[in-house]
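The next block holds one structure in the form of structure tokens; read it before the comments.
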Amino acid sequence: MPTLHTIGIDFGTANSCVAYAAYRDRGAGEVDPDPLKRPEVLTFNNRDTIPSAIHLGSNGQPPVYGYAAEDRAPLDPAHFCTGFKLHLARPDTGQQAYALAVQFLSHLRRRVASFVPLDDAKPEEKIETVLGHPVQWNADQREATLRAAEEAGFPNVRLEEESLAALYCHVFDERSSFYPRPGSYVLTIDMGGGTTDFAFLRIPTEPNQRPESIPVHPLPEGGQSYGGRDLDRILFSHLARQWEPEIVQSHGRALLREVRKFKEAFSDAVADGAFEYEAPLVVGDRVRRARLTRAEFEATAKDYIKYLEVLTRGALHEAELRPEQVAQLIVTGGHSRWYWVERTLGTIFPHLFVGERTVFRHSHPEQSVARGLIYTPLVRSSNSGFLAPVRRALHPVWMAIPGATPVSANGIPAPPGGENANKAPVLLVAQGQLLPYRTETPLRFEVEQLASDLHESKVRIRFLSGSQQLPLGDRVATFQRGFWEQVLRQLPWTAGSRDRFEVRLLLSINEHEIITGELGVARLQGSRRSELQRQRLRLNVSESIGRDIFGAATS
């Protein structure tokens, strides 16, 4: 029987985790529920995670990754890169972030190849890669993540929401104790280094119904983040008051990394019952002692600690749920280890307790997403006992066509034509729309003077995301001119003439909100209508990924 090797990559802001498993492949999306090789996490320097960090090297040194990069960083901080995941698909720093993501994922691939036959798979062996992403990410961020893994050489890349992956981990690791009540809700809170995600899973009342995934994003769009890196900066500001300003200014990035290590050790110490922690820190060219008591920490980070309650209540409000409707709570991510997390959530959900198996946190919460990702073949398989969830869109999607005059819009209210067309985008997909989504009939509109030259014309479609209509990268379709069109364009009586096109767009949004589309285009010449070509929309990499140089040592 064929073998399916599955790789799960939790590509994190601060740290990443990789797991793998193998299944008997029965074909048609079915696998044997008993894995050939149960999920196992790869180790890096005898640890379960690897820092998402690169030192690019200098003076002939090759690049190094993870712990080696962090070790080299104090000696050459200018070439140290971390935190680049959060810059994917940004219009200013996204291009370099994408290149760094490809480079880092390529390093992970080399490690995975020692355990999975990436380069020498037999004919009866199949390999798939499942890559996690924050539930709050928009279409461009998700697509950039997918393409980075593909460019790094991982085969058959799929995406999965990190919150759902954590749920899968507990569903399949703890079958004997994870039995959500029919009609209730499970809340997953994924607390990572850069983001904190909230997603509810509605448990159906009937056994043959699929559960429903309801992601929510209580943070305002474009607003502040909430993750481990934010707490790093709070503690950095507190500890840096004891250091000379010029040292803080010149060694800020290296000091922030030292504070991060101190924070993690402090968290472990307090969780073990300590009321204070003291350790040496490298400050400039000197080693100094840093000391922090639990009381000082809670006073310094009180607003940050309190904000978890604000976010959780906001998530309940967005989902239109009461706390008592949540029957089980899953807390995951390395940042969930903090002692105050359970205390804070207990004030919101006093009916949930760890001892009663209604609150779940993996013994190694930094592993749960990667482990859950490699359970996705079981989720897709009908004999697993767990039906794949139905998804709902977190972000509404809008469309704006510069200079377009709507003809019809598939039953969707169209913006006024003329100069106001750009000011009234068309709502294509509302928040909460069941996914996948596809327009039943094409959206039709006219466009004048596309970006064009003698040989080709380009149609650019601008999509917007979220209630605030934040711009996504342009999607582009290129139409080649035929021979006679190229000749006629050079004749004197057509010189300077404006092309007019009728564009017909079939739009698709998959279960992970990635936007694809197919365009049909006809040229309008007076009363004549000449059919041209059909093309798939492609993400305009140069604009959506960014053009500027990314800061090498982003914190």
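Quick note on naming: the chains in the structure tokens go A, B, ... in the order shown, residues restart at 1 in each chain, and ligands are numbered from 1 in order of appearance.
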
Backbone DSSP call of strand (DSSP E or B) for region 77-200 of chain A, listed as a short mmCIF file (atom, residue, chain, number, x, y, z; two decimals) with C-alpha atoms, in the first residue's frame:
data_model
loop_
_atom_site.label_atom_id
_atom_site.label_comp_id
_atom_site.auth_asym_id
_atom_site.auth_seq_id
_atom_site.Cartn_x
_atom_site.Cartn_y
_atom_site.Cartn_z
CA PHE A 80 21.31 39.29 12.09
CA CYS A 81 17.71 38.87 10.91
CA THR A 82 14.68 37.77 12.90
CA GLU A 125 5.69 7.16 -1.64
CA LYS A 126 3.85 10.49 -1.58
CA ILE A 127 4.89 13.58 0.34
CA GLU A 128 2.85 16.58 1.39
CA THR A 129 3.74 19.67 3.39
CA VAL A 130 1.29 21.43 5.71
CA LEU A 131 2.28 24.95 6.68
CA GLY A 132 0.58 26.85 9.48
CA HIS A 133 -0.43 30.51 9.36
CA VAL A 157 2.29 22.58 0.09
CA ARG A 158 -1.04 23.07 1.85
CA LEU A 159 -2.01 25.76 4.34
CA GLU A 160 -3.77 25.33 7.65
CA GLU A 161 -4.81 27.78 10.34
CA TYR A 185 -18.23 25.70 21.34
CA VAL A 186 -14.50 25.04 21.69
CA LEU A 187 -12.29 28.14 21.88
CA THR A 188 -8.65 27.91 20.80
CA ILE A 189 -6.27 30.71 21.83
CA ASP A 190 -2.90 30.51 20.09
CA MET A 191 -0.36 32.75 21.84
CA THR A 196 -2.42 35.87 19.35
CA ASP A 197 -5.22 34.14 17.46
CA PHE A 198 -8.77 33.29 18.52
CA ALA A 199 -10.96 30.74 16.79
CA PHE A 200 -14.18 29.06 17.87
#

*Find the residues around region 167-181 of chain A up to 8 Å (only C-alpha atoms counted), leave out those fewer than 2 positions away in its own chain, and share them as a ChimeraX atom specification.*
/A:163-165,183-186,188,203,327-328,330,357,360,362,368-369,371-373,375-376,379

*Enumerate as a PyMOL selection string all residues of region 37-263 of chain A assigned to helix (DSSP H, G or I) by DSSP on the backbone, naming them with the chain letters and numbers the document uses.*
chain A and resi 67-75+77-79+84-87+94-112+139-151+162-173+228-242+245-250+252-263

Considering only C-alpha atoms, return as an mmCIF file with C-alpha atoms, in the first residue's frame whatever protein or nucleic-acid residues lie within 7 Å of Glu124 (chain A), sequence-local ones (same chain, fewer than 2 positions apart) excluded.
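Done, and the output landed in around-v7.cif:
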data_model
loop_
_atom_site.group_PDB
_atom_site.id
_atom_site.type_symbol
_atom_site.label_atom_id
_atom_site.label_comp_id
_atom_site.auth_asym_id
_atom_site.auth_seq_id
_atom_site.Cartn_x
_atom_site.Cartn_y
_atom_site.Cartn_z
ATOM 1 C CA PRO A 2 1.408 3.494 -0.836
ATOM 2 C CA THR A 3 2.854 5.611 1.959
ATOM 3 C CA LYS A 122 10.087 5.785 -4.204
ATOM 4 C CA LYS A 126 3.855 10.489 -1.582
#

*Hey, which of A:Gln103, A:Ser16, A:Ser250, A:Asn59 ends up closest to Ala148 (chain A)? Count only C-alpha atoms.*
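Smallest distance to Ala148 (chain A) is found for A:Gln103.
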
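The shell of residues at most 7 Å from region 25-39 of chain A, with only C-alpha atoms counted and near chain neighbours (fewer than 5 positions) removed, consists of Met1, Pro2, Thr3, Leu4, Ala19, Tyr20, Arg371, Ile374, Pro377, Leu378, Arg380, Ser381, Ser382, Asn383 and Ser384 of chain A.
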
Considering only C-alpha atoms, tabulate each residue of region 193-242 of chain A that lies at most 12 Å from region 265-285 of chain A along with its nearest interatomic pair and the corresponding distance in Å to one decimal; arrange the rows by chain and ascending residue number and present them as a tab-separated table.
residue	atom	partner	partner_atom	distance
A:Gly228	CA	A:Ser267	CA	11.7
A:Leu231	CA	A:Ser267	CA	11.7
A:Leu235	CA	A:Phe266	CA	11.2
A:Phe236	CA	A:Leu281	CA	11.9
A:Leu239	CA	A:Leu281	CA	10.5
A:Ala240	CA	A:Val283	CA	9.7
A:Gln242	CA	A:Val283	CA	10.6

Dump of C-alpha atoms for the selected residues, as a PDB file, in the first residue's frame:
ATOM      1  CA  GLY A 228       5.675  37.515  23.055  1.00  0.00           C
ATOM      2  CA  LEU A 231       6.248  41.727  26.128  1.00  0.00           C
ATOM      3  CA  LEU A 235      10.618  44.389  29.751  1.00  0.00           C
ATOM      4  CA  PHE A 236      13.386  45.918  27.665  1.00  0.00           C
ATOM      5  CA  LEU A 239      15.459  46.941  32.447  1.00  0.00           C
ATOM      6  CA  ALA A 240      17.144  49.477  30.135  1.00  0.00           C
ATOM      7  CA  GLN A 242      19.613  50.844  34.533  1.00  0.00           C
TER       8      GLN A 242
END

*Can you list, as a ChimeraX atom specification, every protein, DNA or RNA residue that comes within 9 Å of region 340-343 of chain A when you count only C-alpha atoms, leaving out same-chain residues fewer than 3 positions away?*
/A:305,308,331,335-337,346-347
